[in-house]
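Peer 1: If you scroll down you'll find the structure; I have some questions about it.
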Amino acid sequence: MEQQSFLPVDLSVLRIDTLKPFDIYLCQKRQNYVLYSSKGTYFTSEVKEKLLQNRVHTIYIPEDDRDLYQQYIEDNLQNIIQDNRIVSEQKSKIVYDSSRYLMEKLFDNPNIDMIGRTKKTVNNIVSLILSDTATTNHLIRITEYDYYTYTHSVNVGVFSVAFARNLLQGISEKIFYDLGLGFFLHDIGKSRIPLEILNKKGPLNEEEWKIMKTHPEQGYNILKESGFITRDSAIIVLQHHERADGSGYPQRLQGDRINLYGKICSVADVFDAMTTKRCYQQAFSAFDTLNVIRDTLLQKEFDKDFFEKFVQLFGPEGMRVM
Ligand SMILES: [Fe+2]
Ligand SMILES: [Fe+2]
């Protein structure tokens, strides 16, 4: 029999009096997993109490039930985010892992249903970033740097929303939700770029670049077809590769013709791309990346005040750049 694999989950994730759509296993000595509670049963305060009395803080969910667990997290994310008994570090990990998994599924199949689910999760993350600085700081720190587009999308989403919060005053929460969707989905057009180009190990040739550069417009089309598009989210998807000197794409917009929301996303995008390991490129540290951005883009692309608000996201270590 093939060995079943399990996902460790902190007990605090489970909400009292919710129906669990997945099985729960406990892990005994020597990686011996035992079924504790079947799917379709309620998780009650008595069950939780009993587990805690037995010093169980981590439960295990079979990999086969991963999608059911993901849906459960999405359905209960607002409740989890508002639960002040879950410590910030833990909370940021739940939010990061589930949004990464969701984004991976979205890129596999960017249909209306998946974009709707993403919209709901992004709204919850935006609320979190606007209201909970401690968890947001953890979220910024735990971002991982692999070369996957879905990880990049979550990182840029988190950086951009937090940056927009630092930068923009007097903007309604509703606009932040629209911006959030644009930031998290800025590269959704890459789901229509052939994988051999997207995953190519090495620099792209001219023809491949031409195709790659269609992703902002493709992303705009996907959003438009889904019905979730707004003016602000469209601007972000379309303008995140425009550059003030007119060297960007797709429209070669110059200077002030680039919207502030597009600029916010482009800084986060450059930052995340540079801190990412690639087979042909060493990853830069956050500090080195901020230095390079300062040396190459300050004045040319944006002013000091704008950049300082971005650097603030990385705490005292980041501020050393200024
Ligand atoms: Fe992009
Ligand atoms: Fe990007």
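Every chain in the structure tokens has a letter given in the order shown (A, B, ...), and although residue numbers restart at 1 in each chain, ligands are simply numbered from 1 in the order shown.
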So which residues touch Lys119 (chain A) within 10 Å, counting only C-alpha atoms, skipping near sequence neighbours fewer than 3 positions away, as a PyMOL selection string?

Peer 2: chain A and resi 113-116+122-125+177-178+180-182+184-185+228

Peer 1: Please check which protein, DNA or RNA residues sit within 9 Å of ligand 2, counting only C-alpha atoms and all ligand atoms, and write them as a list in words.

Peer 2: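 So, counting only C-alpha atoms and all ligand atoms, the residues near ligand 2 are Thr149, His152, Ser153, Val156, Phe183, Leu185, His186, Asp187, Ile188, His240, His241, Cys265, Ser266, Ala268, Asp269, Val270, Asp272 and Ala273 of chain A.
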
Peer 1: Write out as a PyMOL selection string which residues come within 9 Å of region 134-141 of chain A when counting only C-alpha atoms, dropping same-chain ones fewer than 3 positions away.

Peer 2: chain A and resi 87-93+95-96+128-131+144+155+158-159+162+313-315

Peer 1: Could you write out the selected residues, including C-alpha atoms, as a PDB file, in the first residue's frame?

Peer 2:
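Final file, part_6.pdb:
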ATOM      1  CA  VAL A  87      -0.714  34.588  17.732  1.00  0.00           C
ATOM      2  CA  SER A  88       0.445  36.782  14.851  1.00  0.00           C
ATOM      3  CA  GLU A  89       3.168  34.440  13.708  1.00  0.00           C
ATOM      4  CA  GLN A  90       0.756  31.533  13.458  1.00  0.00           C
ATOM      5  CA  LYS A  91      -1.906  33.652  11.797  1.00  0.00           C
ATOM      6  CA  SER A  92       0.460  34.957   9.133  1.00  0.00           C
ATOM      7  CA  LYS A  93       1.488  31.407   8.292  1.00  0.00           C
ATOM      8  CA  VAL A  95      -2.893  33.207   5.644  1.00  0.00           C
ATOM      9  CA  TYR A  96       0.296  32.832   3.583  1.00  0.00           C
ATOM     10  CA  LEU A 128      -5.940  42.047   7.898  1.00  0.00           C
ATOM     11  CA  ILE A 129      -3.229  44.338   6.505  1.00  0.00           C
ATOM     12  CA  LEU A 130      -5.319  47.445   7.201  1.00  0.00           C
ATOM     13  CA  SER A 131      -6.035  46.482  10.804  1.00  0.00           C
ATOM     14  CA  GLU A 144       9.342  32.721   0.434  1.00  0.00           C
ATOM     15  CA  ASN A 155       4.369  38.174  -2.269  1.00  0.00           C
ATOM     16  CA  VAL A 158       1.184  41.400   0.317  1.00  0.00           C
ATOM     17  CA  PHE A 159       3.981  43.954  -0.306  1.00  0.00           C
ATOM     18  CA  ALA A 162       1.015  47.045   2.834  1.00  0.00           C
ATOM     19  CA  LEU A 313       7.946  47.702   5.145  1.00  0.00           C
ATOM     20  CA  PHE A 314      11.239  46.008   5.970  1.00  0.00           C
ATOM     21  CA  GLY A 315      11.699  47.610   9.371  1.00  0.00           C
TER      22      GLY A 315
END

Peer 1: Tell me, as a list in words, which residues lie within 12 Å of Arg55 (chain A), counting only C-alpha atoms; anything in the same chain fewer than 6 positions away does not count.

Peer 2: Leu11, Leu26, Lys48 and Glu49 of chain A

Peer 1: Could you write out the selected residues, including C-alpha atoms, as a short mmCIF file (atom, residue, chain, number, x, y, z; two decimals), in the first residue's frame?

Peer 2:
data_model
loop_
_atom_site.label_atom_id
_atom_site.label_comp_id
_atom_site.auth_asym_id
_atom_site.auth_seq_id
_atom_site.Cartn_x
_atom_site.Cartn_y
_atom_site.Cartn_z
CA LEU A 11 -5.19 22.99 16.34
CA LEU A 26 -3.08 12.29 15.27
CA LYS A 48 -10.81 20.65 21.56
CA GLU A 49 -10.60 20.52 25.36
#

Peer 1: Using DSSP on the backbone coordinates, identify the residues of region 75-131 of chain A assigned to alpha helix (DSSP H); present them as a PyMOL selection string.

Peer 2: chain A and resi 75-81+88-108+112-131

Peer 1: Please save N, CA and C atoms of the selected residues as a CSV table (one decimal), in the first residue's frame.

Peer 2:
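out_20.csv, written as the output of this step:
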chain,number,residue,atom,x,y,z
A,75,ASP,N,-13.5,29.5,3.8
A,75,ASP,CA,-14.8,29.8,4.4
A,75,ASP,C,-14.7,30.4,5.8
A,76,ASN,N,-13.6,30.1,6.5
A,76,ASN,CA,-13.5,30.5,7.9
A,76,ASN,C,-12.4,31.6,8.1
A,77,LEU,N,-11.8,32.1,6.9
A,77,LEU,CA,-10.6,32.9,7.1
A,77,LEU,C,-10.9,34.2,7.9
A,78,GLN,N,-12.0,34.8,7.6
A,78,GLN,CA,-12.4,36.1,8.3
A,78,GLN,C,-12.4,35.8,9.9
A,79,ASN,N,-13.0,34.7,10.2
A,79,ASN,CA,-13.1,34.3,11.6
A,79,ASN,C,-11.7,34.0,12.2
A,80,ILE,N,-10.8,33.4,11.4
A,80,ILE,CA,-9.5,33.1,11.9
A,80,ILE,C,-8.7,34.4,12.1
A,81,ILE,N,-8.8,35.3,11.1
A,81,ILE,CA,-8.1,36.6,11.1
A,81,ILE,C,-8.5,37.4,12.4
A,88,SER,N,0.2,36.2,16.2
A,88,SER,CA,0.4,36.8,14.9
A,88,SER,C,1.2,35.9,13.9
A,89,GLU,N,2.3,35.3,14.5
A,89,GLU,CA,3.2,34.4,13.7
A,89,GLU,C,2.4,33.3,13.1
A,90,GLN,N,1.6,32.7,13.9
A,90,GLN,CA,0.8,31.5,13.5
A,90,GLN,C,-0.3,32.0,12.4
A,91,LYS,N,-0.9,33.1,12.7
A,91,LYS,CA,-1.9,33.7,11.8
A,91,LYS,C,-1.3,34.0,10.4
A,92,SER,N,-0.1,34.6,10.4
A,92,SER,CA,0.5,35.0,9.1
A,92,SER,C,0.8,33.7,8.3
A,93,LYS,N,1.2,32.6,9.0
A,93,LYS,CA,1.5,31.4,8.3
A,93,LYS,C,0.2,30.8,7.7
A,94,ILE,N,-0.9,30.8,8.4
A,94,ILE,CA,-2.1,30.2,7.9
A,94,ILE,C,-2.5,31.0,6.6
A,95,VAL,N,-2.5,32.3,6.8
A,95,VAL,CA,-2.9,33.2,5.6
A,95,VAL,C,-2.0,33.0,4.4
A,96,TYR,N,-0.7,33.0,4.7
A,96,TYR,CA,0.3,32.8,3.6
A,96,TYR,C,0.2,31.5,2.9
A,97,ASP,N,0.1,30.4,3.7
A,97,ASP,CA,0.0,29.1,3.1
A,97,ASP,C,-1.2,28.9,2.3
A,98,SER,N,-2.4,29.3,2.8
A,98,SER,CA,-3.6,29.1,2.1
A,98,SER,C,-3.7,30.0,0.9
A,99,SER,N,-3.2,31.2,1.0
A,99,SER,CA,-3.3,32.0,-0.3
A,99,SER,C,-2.4,31.5,-1.3
A,100,ARG,N,-1.3,31.0,-0.9
A,100,ARG,CA,-0.4,30.4,-1.9
A,100,ARG,C,-1.0,29.2,-2.6
A,101,TYR,N,-1.6,28.4,-1.8
A,101,TYR,CA,-2.3,27.2,-2.4
A,101,TYR,C,-3.4,27.6,-3.3
A,102,LEU,N,-4.2,28.6,-2.9
A,102,LEU,CA,-5.3,29.1,-3.7
A,102,LEU,C,-4.8,29.6,-5.0
A,103,MET,N,-3.7,30.4,-4.9
A,103,MET,CA,-3.2,31.0,-6.1
A,103,MET,C,-2.6,30.0,-7.1
A,104,GLU,N,-2.1,28.9,-6.6
A,104,GLU,CA,-1.6,27.8,-7.4
A,104,GLU,C,-2.7,27.2,-8.2
A,105,LYS,N,-3.8,27.0,-7.5
A,105,LYS,CA,-5.0,26.4,-8.2
A,105,LYS,C,-5.6,27.4,-9.2
A,106,LEU,N,-5.5,28.7,-8.9
A,106,LEU,CA,-6.1,29.7,-9.8
A,106,LEU,C,-5.2,29.7,-11.1
A,107,PHE,N,-3.9,29.7,-10.9
A,107,PHE,CA,-3.1,29.7,-12.1
A,107,PHE,C,-3.3,28.5,-13.0
A,108,ASP,N,-3.6,27.3,-12.4
A,108,ASP,CA,-3.9,26.1,-13.1
A,108,ASP,C,-5.2,26.3,-13.9
A,112,ILE,N,-14.0,31.7,-13.6
A,112,ILE,CA,-14.8,32.6,-12.8
A,112,ILE,C,-14.9,32.2,-11.3
A,113,ASP,N,-15.1,30.9,-11.1
A,113,ASP,CA,-15.2,30.4,-9.8
A,113,ASP,C,-14.0,30.6,-9.0
A,114,MET,N,-12.8,30.3,-9.6
A,114,MET,CA,-11.5,30.5,-8.9
A,114,MET,C,-11.2,32.0,-8.6
A,115,ILE,N,-11.6,32.8,-9.6
A,115,ILE,CA,-11.3,34.2,-9.4
A,115,ILE,C,-12.2,34.8,-8.2
A,116,GLY,N,-13.5,34.2,-8.2
A,116,GLY,CA,-14.4,34.6,-7.1
A,116,GLY,C,-13.8,34.2,-5.7
A,117,ARG,N,-13.3,33.0,-5.7
A,117,ARG,CA,-12.7,32.6,-4.4
A,117,ARG,C,-11.5,33.4,-4.0
A,118,THR,N,-10.7,33.8,-5.1
A,118,THR,CA,-9.5,34.6,-4.8
A,118,THR,C,-9.9,36.0,-4.3
A,119,LYS,N,-11.0,36.5,-4.9
A,119,LYS,CA,-11.5,37.9,-4.5
A,119,LYS,C,-11.8,37.8,-3.0
A,120,LYS,N,-12.5,36.8,-2.6
A,120,LYS,CA,-12.9,36.7,-1.2
A,120,LYS,C,-11.7,36.6,-0.3
A,121,THR,N,-10.7,35.8,-0.6
A,121,THR,CA,-9.5,35.7,0.2
A,121,THR,C,-8.7,37.0,0.2
A,122,VAL,N,-8.6,37.6,-0.9
A,122,VAL,CA,-7.9,38.9,-1.0
A,122,VAL,C,-8.6,39.9,-0.1
A,123,ASN,N,-9.9,40.0,-0.2
A,123,ASN,CA,-10.6,41.0,0.7
A,123,ASN,C,-10.2,40.7,2.2
A,124,ASN,N,-10.2,39.5,2.6
A,124,ASN,CA,-9.8,39.1,4.0
A,124,ASN,C,-8.4,39.6,4.3
A,125,ILE,N,-7.5,39.3,3.3
A,125,ILE,CA,-6.1,39.7,3.6
A,125,ILE,C,-5.9,41.2,3.6
A,126,VAL,N,-6.7,41.9,2.8
A,126,VAL,CA,-6.6,43.4,2.8
A,126,VAL,C,-7.1,43.9,4.2
A,127,SER,N,-8.2,43.4,4.6
A,127,SER,CA,-8.7,43.8,6.0
A,127,SER,C,-7.7,43.5,7.0
A,128,LEU,N,-7.0,42.4,6.9
A,128,LEU,CA,-5.9,42.0,7.9
A,128,LEU,C,-4.8,43.1,7.8
A,129,ILE,N,-4.4,43.4,6.7
A,129,ILE,CA,-3.2,44.3,6.5
A,129,ILE,C,-3.6,45.7,7.0
A,130,LEU,N,-4.9,46.1,6.8
A,130,LEU,CA,-5.3,47.4,7.2
A,130,LEU,C,-5.5,47.5,8.7
A,131,SER,N,-5.7,46.4,9.4
A,131,SER,CA,-6.0,46.5,10.8
A,131,SER,C,-5.0,45.9,11.8

Peer 1: Which residue is closest to Lys174 (chain A)? Choose from A:Asp256, A:Glu217, A:Glu74, A:Asp232 and count only C-alpha atoms.

Peer 2: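 Comparing A:Asp256, A:Glu217, A:Glu74, A:Asp232 against Lys174 (chain A), the winner is A:Asp232.
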
Peer 1: Within region 47-284 of chain A, find each residue whose DSSP state, derived from the backbone, is strand (DSSP E or B), and express the selection as an MDAnalysis selection string.

Peer 2: chainID A and resid 58:62 245 254 278 281

Peer 1: Using only C-alpha atoms, which residue out of A:Val9, A:Ala164, A:Ile235, A:Ile61 lies closest to Phe176 (chain A)?

Peer 2: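 Smallest separation from Phe176 (chain A) among the options: A:Ala164.
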
Peer 1: What is the CA of Arg165 (chain A) to CA of Arg85 (chain A) distance in Å?

Peer 2: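 Computed distance, CA of Arg165 (chain A) to CA of Arg85 (chain A), equals 25.0 Å.
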
Peer 1: Near Arg252 (chain A), within 12 Å and counting only C-alpha atoms, which residues show up once chain neighbours fewer than 6 positions away are dropped, as a PyMOL selection string?

Peer 2: chain A and resi 213+238-246+258

Peer 1: Pick out the residues sitting within 12 Å of Gln31 (chain A), and hand them over as a PyMOL selection string; count only C-alpha atoms, and ignore anything fewer than 4 positions along from it in its own chain.

Peer 2: chain A and resi 3-6+8+25-27+60

Peer 1: Let's have the selection written as a PDB file, in the first residue's frame, with N, CA and C atoms.

Peer 2:
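Done, and the output landed in again_18.pdb:
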ATOM      1  N   GLN A   3       2.190   4.814   0.884  1.00  0.00           N
ATOM      2  CA  GLN A   3       2.173   5.581   2.131  1.00  0.00           C
ATOM      3  C   GLN A   3       1.366   6.874   1.942  1.00  0.00           C
ATOM      4  N   GLN A   4       0.392   7.070   2.812  1.00  0.00           N
ATOM      5  CA  GLN A   4      -0.406   8.306   2.787  1.00  0.00           C
ATOM      6  C   GLN A   4       0.422   9.448   3.376  1.00  0.00           C
ATOM      7  N   SER A   5       0.385  10.631   2.766  1.00  0.00           N
ATOM      8  CA  SER A   5       1.117  11.732   3.409  1.00  0.00           C
ATOM      9  C   SER A   5       0.129  12.706   4.064  1.00  0.00           C
ATOM     10  N   PHE A   6       0.648  13.428   5.042  1.00  0.00           N
ATOM     11  CA  PHE A   6      -0.219  14.248   5.888  1.00  0.00           C
ATOM     12  C   PHE A   6       0.284  15.687   5.983  1.00  0.00           C
ATOM     13  N   PRO A   8       0.561  18.805   8.464  1.00  0.00           N
ATOM     14  CA  PRO A   8       0.407  19.202   9.864  1.00  0.00           C
ATOM     15  C   PRO A   8      -0.334  20.541   9.966  1.00  0.00           C
ATOM     16  N   TYR A  25      -6.219  13.211  11.738  1.00  0.00           N
ATOM     17  CA  TYR A  25      -5.361  12.155  12.286  1.00  0.00           C
ATOM     18  C   TYR A  25      -4.487  12.746  13.379  1.00  0.00           C
ATOM     19  N   LEU A  26      -4.088  11.898  14.295  1.00  0.00           N
ATOM     20  CA  LEU A  26      -3.080  12.290  15.272  1.00  0.00           C
ATOM     21  C   LEU A  26      -1.827  11.504  14.970  1.00  0.00           C
ATOM     22  N   CYS A  27      -0.703  12.089  15.330  1.00  0.00           N
ATOM     23  CA  CYS A  27       0.556  11.399  15.062  1.00  0.00           C
ATOM     24  C   CYS A  27       1.120  10.847  16.357  1.00  0.00           C
ATOM     25  N   TYR A  60      -3.271  16.278  12.020  1.00  0.00           N
ATOM     26  CA  TYR A  60      -2.768  15.953  10.673  1.00  0.00           C
ATOM     27  C   TYR A  60      -3.925  15.663   9.733  1.00  0.00           C
TER      28      TYR A  60
END

Peer 1: Name the closest residue to ligand 1 among the candidates A:Phe22, A:Tyr220, A:Phe310, A:Phe43; distances are taken between atoms, counting only C-alpha atoms and all ligand atoms.

Peer 2: A:Tyr220
